[in-house]
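Student: Could you have a look at this structure, given as structure tokens, before my questions?
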Amino acid sequence: MRKIAIGVAVLAVVGGLVLAATLWRASSSLKDATARVAREGLVAFRAISLDRPLPTGFESISATAQFRDATLFQGRFYLCGPAGLFAYDLNGSLVAQYRPGLELPPAPLVAMASGIGSGKSEPQLWIATAGEGLLTFDGRKFLQIRPDDQSWRALSAVLPLSSGRVLFGSAKSGVLVWDGQSLAHYHSALNELQVTALAGSEADLWVGTMDRGLFRWHAGQLDHFAEPEGLPDPRILSVAVDGGAAYAGTALGVAEFRDGRFTRVLAGGFFAKALLVKGDSLAVGTLDEGVLDVPLTVQKPRIRNTANESNLDGVERLFALDGRTYALARGGLFEQSPKSGEFKKVFEMPGAVLADGNIAALAADRAGQLWVGYFDRGLDILDTGFARAKHIENEHVFCVNRIVHSNDGGLAAVGTANGLVLMDASGRQERVLGKAEGLIANQVTDVLLRGGSGSPSITVATPAGITSIDASGTTSLYAFHGLVNNHVYALAASGTRLLAGTLGGLSILDSGVVSASFTTANSGLKHNWITSIVPVGADWFIGTYGAGVLKFDSTGRWSTFADWKSPVVINPNAMLATEHAVYAGTLGNGLAIFNRGTGRWVFHTSGLPSLNVTALAAGNGYLYVGADNGLVRVLERELAGQ
């Protein structure tokens with residue numbers, strides 16, 4: 001019996017040791033796995049199939065295409081840019097189009113390349129977006145690789161490797177690598193870089209940055225080149241690699257490197273946006289000088305300019321396909337003649353209604369026309385059928401901040417960075433007001449227009465205060481008169497009462513005198529920077545730069561909405577109230593919609609060309625939504641019931 005007891009005891013000890021060893025191994029494995037994740041720098045992401053129905057009711061209003069990259073894929077030319085992905089056959093006919101917010105995620109496309117990915121037998125198209133991560137396209141379906149961290153979604157460059165892995169550069173956070181299954185930091189030494197270009201191979205990688213020059217990663221070593229090492233400028237616009245040579249394009253010329261060492265500057269003084277090595281010469285695509293041909297076999301090469309009457313300017317990319325050289329430029333895709341060296345346009349840009357896609361202001365007039373103001377391209381007046389647009393652009397109508405119309409429709413006031421421009425209903429300029437004409441500042445951020453076109457009363461918001469214009473003359477007030485802050489972003493009125501949203505809070509003016517001011521220090525206001533104000537019944541909805549939308553009632557009481565759970569920025573004057581809803585354009589969160597029946601907010605993102613909604617207008621049952629990447633319209637009944 002004693003032997004049996006001893007045996008049982010031994011077994012128990014052994015079992016305990018085995019269990020302990022097992023637990024130790026499990027714990028060790030868990031620690032190893034955790035360490036491996038940290039060591040490998042894995043990045044959380046979602047893989048999203050874009051094979052889905054299109055959003056209901058959304059109609060895209062086309063803007064002039066601005067292509068950023070091009071390649072030949074599956075026997076077609078593919079061109080990408082802010083307006084989406086365009087596929088052309090070799091004869092120059094447009095055969096397919098994929099638009100941000102509709103077939104594609106809501107973000108501009110900035111770069112692409114063809115290559116065979118891990119586990120694939122055929123090449124795919126790899127597309128970098130400025131805000132929605134990486135896209136892959138096999139000719140039929142799109143797959144989105146979307147990092148959970150928003151800072152990794154803004155991409156700037158893509159480089160498929162011969163191993164099947166794909167590198168892509170972030171505009172803010174360095175270099176990532178995709179191996180077909182996981183997403184990771186490529187190397188900690190390359191983290192936090194603002195990447196502009198990638199070139200080379202896995203064994204010899206060159207990384208261009210926004211403001212830190214050029215980096216080379218090779219054999220476990222990181223080399224850095226900036227102005228002290230010979231770069232003409234620290235901002236890298238383009239990189240090309242050929243064998244042991246590398247070239248970095250900047251705004252002041254091209255830096256040449258041989259075997260990892262700086263050797264000389266080529267094309268000094270030229271804006272080298274695109275590069276292509278062609279045997280013994282280097283093709284340099286420039287901003288407004290066409291394509292330069294730079295011989296590489298002489299110490300001081302003589303530059304030959306190959307621009308011609310084809311208006312080859314604004315070159316974005318240079319690439320070679322099947323022995324032919326192509327240039328992607330502002331006017332379209334061009335092919336270089338092997339004999340003359342001149343470039344001939346392969347095909348035209350697709351037709352468009354709008355002059356630009358960076359929308360800053362919208363307003364619908366009484367005639368059913370839509371006025372569209374741009375960040376830096378003046379404005380368009382679209383006819384009622386949206387088939388044609390009248391474009392207005394001059395020294396005053398350039399950077400548009402706000403457009404409002406008089407009640408009778410006879411007068412339009414256009415607030416710009418260079419004055420207040422008054423126009424008639426057709427867009428004919430009648431008068432320009434600036435500091436010389438009595439405004440407190442030239443830059444106009446918001447406008448209130450009351451009364452008819454014959455004798456209007458105008459209130460103008462500026463970064464220096466407020467100016468009021470009526471039949472009696474011009475008067476201004478600012479912080480000296482009690483305004484909570486000089487920088488005024490938004491205006492709203494009710495009778496003789498004026499609300500002024502500023503950088504430092506909200507001021508209330510009664511009959512032209514400041515009667516009260518509200519800040520985070522003395523009220524329920526959650527953020528001092530006021531960007532938008534709209535009346536909703538007897539209340540006011542106040543948009544802020546960071547606290548979303550708050551409600552301000554006639555008694556001076558502030559209240560918040562439970563639906564706004566995280567910091568949200570409302571863009572300047574990007575709010576609109578209709579009978580059914582209140583709409584607010586956000587910086588990065590899409591369109592916020594307040595249902596006036598249910599009293600709830602929802603965020604809408606599908607159908608939008610960008611999640612940065614910058615302007616809103618309503619008319620004829622439609623809601624017009626402007627973004628930094630285009631304009632769409634949708635029947636309001638499709639949205640207001642959400």
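Following the order of the structure tokens, chains are lettered A, B, ..., residues in each are numbered from 1, and ligands are numbered from 1.
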Taking 4 positions as the minimum chain separation for residues in the same chain, which residues sit within 8 Å of A:Leu237 when counting only C-alpha atoms? Answer as a list in words.

Tutor: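 That gives Thr196, Ala197, Gly208, Met210, Ala248, Gly249, Thr250, Ala251, Ala272, Lys273 and Ala274 of chain A.
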
Student: With C-alpha atoms retained, export the selected residues as a PDB file, in the first residue's frame.

Tutor:
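Saved file out_36.pdb follows:
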```
ATOM      1  CA  THR A 196       6.310  61.504 -51.094  1.00  0.00           C
ATOM      2  CA  ALA A 197       7.963  58.825 -53.266  1.00  0.00           C
ATOM      3  CA  GLY A 208      11.561  60.580 -50.654  1.00  0.00           C
ATOM      4  CA  MET A 210       8.080  66.051 -47.736  1.00  0.00           C
ATOM      5  CA  ALA A 248      15.806  62.527 -56.662  1.00  0.00           C
ATOM      6  CA  GLY A 249      13.702  65.295 -58.194  1.00  0.00           C
ATOM      7  CA  THR A 250      13.113  68.507 -56.247  1.00  0.00           C
ATOM      8  CA  ALA A 251      11.720  71.974 -56.958  1.00  0.00           C
ATOM      9  CA  ALA A 272      11.454  68.109 -61.345  1.00  0.00           C
ATOM     10  CA  LYS A 273       8.026  66.575 -60.689  1.00  0.00           C
ATOM     11  CA  ALA A 274       8.629  63.345 -62.658  1.00  0.00           C
TER      12      ALA A 274
END
```

Student: Need the shell around A:Phe45: protein/DNA/RNA residues with any atom at most 9 Å away, counting only C-alpha atoms. Skip same-chain ones fewer than 5 positions apart. Format as a PDB file with N, CA, C and O atoms, in the first residue's frame?

Tutor:
```pdb
ATOM      1  N   ILE A 145      -7.818  47.715 -48.493  1.00  0.00           N
ATOM      2  CA  ILE A 145      -7.043  47.420 -47.290  1.00  0.00           C
ATOM      3  C   ILE A 145      -7.041  48.711 -46.471  1.00  0.00           C
ATOM      4  O   ILE A 145      -6.307  49.649 -46.779  1.00  0.00           O
ATOM      5  N   ARG A 146      -7.866  48.751 -45.437  1.00  0.00           N
ATOM      6  CA  ARG A 146      -8.118  50.004 -44.709  1.00  0.00           C
ATOM      7  C   ARG A 146      -7.580  49.906 -43.282  1.00  0.00           C
ATOM      8  O   ARG A 146      -8.158  49.224 -42.422  1.00  0.00           O
ATOM      9  N   PRO A 147      -6.461  50.581 -42.976  1.00  0.00           N
ATOM     10  CA  PRO A 147      -5.932  50.567 -41.611  1.00  0.00           C
ATOM     11  C   PRO A 147      -6.931  51.158 -40.623  1.00  0.00           C
ATOM     12  O   PRO A 147      -7.667  52.097 -40.955  1.00  0.00           O
ATOM     13  N   ASP A 148      -6.966  50.605 -39.417  1.00  0.00           N
ATOM     14  CA  ASP A 148      -7.855  51.139 -38.388  1.00  0.00           C
ATOM     15  C   ASP A 148      -7.427  52.536 -37.961  1.00  0.00           C
ATOM     16  O   ASP A 148      -8.263  53.387 -37.660  1.00  0.00           O
ATOM     17  N   ASP A 149      -6.124  52.770 -37.917  1.00  0.00           N
ATOM     18  CA  ASP A 149      -5.601  54.075 -37.534  1.00  0.00           C
ATOM     19  C   ASP A 149      -5.723  55.030 -38.720  1.00  0.00           C
ATOM     20  O   ASP A 149      -5.172  54.795 -39.791  1.00  0.00           O
ATOM     21  N   SER A 182      -1.121  40.239 -43.939  1.00  0.00           N
ATOM     22  CA  SER A 182      -0.960  41.160 -42.818  1.00  0.00           C
ATOM     23  C   SER A 182      -0.394  42.490 -43.296  1.00  0.00           C
ATOM     24  O   SER A 182       0.219  42.594 -44.362  1.00  0.00           O
ATOM     25  N   LEU A 183      -0.597  43.474 -42.437  1.00  0.00           N
ATOM     26  CA  LEU A 183      -0.136  44.829 -42.689  1.00  0.00           C
ATOM     27  C   LEU A 183       0.815  45.208 -41.553  1.00  0.00           C
ATOM     28  O   LEU A 183       0.512  44.971 -40.379  1.00  0.00           O
TER      29      LEU A 183
END
```

Student: When you count only C-alpha atoms, which of these residues is closest to A:Arg450: A:Leu411, A:Leu159, A:Pro350, A:Ile466?

Tutor: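 Looking only at the distances to A:Arg450, the closest residue turns out to be A:Leu411.
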
Student: Contacts of A:Thr71 at 10 Å or less, counting only C-alpha atoms, minus same-chain residues fewer than 6 places along, as a list in words?

Tutor: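 Counting only C-alpha atoms, the residues come to Phe77, Tyr78, Leu79, Cys80, Ala87, Met112, Ala113, Ser114, Leu125, Arg317, Leu318, Phe319, Ala320, Leu321, Tyr326 and Leu328 of chain A.
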
Student: Please, could you write that set of residues out with N, CA, C and O atoms as a short mmCIF file (atom, residue, chain, number, x, y, z; two decimals), in the first residue's frame?

Tutor:
```
data_model
loop_
_atom_site.label_atom_id
_atom_site.label_comp_id
_atom_site.auth_asym_id
_atom_site.auth_seq_id
_atom_site.Cartn_x
_atom_site.Cartn_y
_atom_site.Cartn_z
N PHE A 77 -5.08 51.38 -70.82
CA PHE A 77 -4.47 52.45 -70.06
C PHE A 77 -5.38 52.77 -68.87
O PHE A 77 -6.57 53.02 -69.04
N TYR A 78 -4.80 52.76 -67.68
CA TYR A 78 -5.54 53.18 -66.49
C TYR A 78 -4.93 54.48 -65.97
O TYR A 78 -3.71 54.55 -65.77
N LEU A 79 -5.77 55.47 -65.77
CA LEU A 79 -5.35 56.76 -65.24
C LEU A 79 -6.11 57.02 -63.95
O LEU A 79 -7.32 56.74 -63.87
N CYS A 80 -5.41 57.54 -62.95
CA CYS A 80 -6.09 57.80 -61.68
C CYS A 80 -5.82 59.22 -61.21
O CYS A 80 -4.84 59.85 -61.60
N ALA A 87 -10.42 53.97 -67.25
CA ALA A 87 -9.82 52.95 -68.11
C ALA A 87 -10.09 53.31 -69.57
O ALA A 87 -11.23 53.57 -69.96
N MET A 112 -0.43 54.68 -58.32
CA MET A 112 -0.76 53.28 -58.57
C MET A 112 0.37 52.60 -59.32
O MET A 112 1.23 53.25 -59.91
N ALA A 113 0.36 51.27 -59.27
CA ALA A 113 1.36 50.46 -59.97
C ALA A 113 0.79 49.06 -60.15
O ALA A 113 -0.07 48.61 -59.39
N SER A 114 1.30 48.37 -61.15
CA SER A 114 0.89 47.00 -61.43
C SER A 114 1.96 46.05 -60.94
O SER A 114 3.15 46.29 -61.10
N LEU A 125 -3.64 45.63 -59.94
CA LEU A 125 -3.41 47.06 -59.88
C LEU A 125 -3.47 47.47 -58.42
O LEU A 125 -4.44 47.18 -57.72
N ARG A 317 3.67 62.40 -64.28
CA ARG A 317 4.39 61.12 -64.32
C ARG A 317 5.03 60.92 -65.69
O ARG A 317 4.49 61.33 -66.72
N LEU A 318 6.17 60.25 -65.69
CA LEU A 318 6.81 59.75 -66.90
C LEU A 318 6.98 58.25 -66.75
O LEU A 318 7.38 57.78 -65.69
N PHE A 319 6.67 57.50 -67.79
CA PHE A 319 6.85 56.06 -67.71
C PHE A 319 7.04 55.48 -69.12
O PHE A 319 6.68 56.10 -70.12
N ALA A 320 7.64 54.30 -69.15
CA ALA A 320 7.91 53.61 -70.41
C ALA A 320 7.10 52.33 -70.46
O ALA A 320 7.06 51.56 -69.50
N LEU A 321 6.43 52.10 -71.59
CA LEU A 321 5.64 50.89 -71.81
C LEU A 321 5.94 50.37 -73.20
O LEU A 321 5.81 51.12 -74.18
N TYR A 326 5.90 57.73 -72.26
CA TYR A 326 4.64 58.46 -72.10
C TYR A 326 4.80 59.51 -70.99
O TYR A 326 5.57 59.32 -70.04
N LEU A 328 2.27 61.81 -68.48
CA LEU A 328 0.95 62.16 -67.97
C LEU A 328 1.03 63.60 -67.50
O LEU A 328 1.81 63.93 -66.59
#
```

Student: Between atom CA of A:Asp138 and atom CA of A:Val177, what is the spacing in Å?

Tutor: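 Atom-to-atom, atom CA of A:Val177 to atom CA of A:Asp138, that is 19.3 Å.
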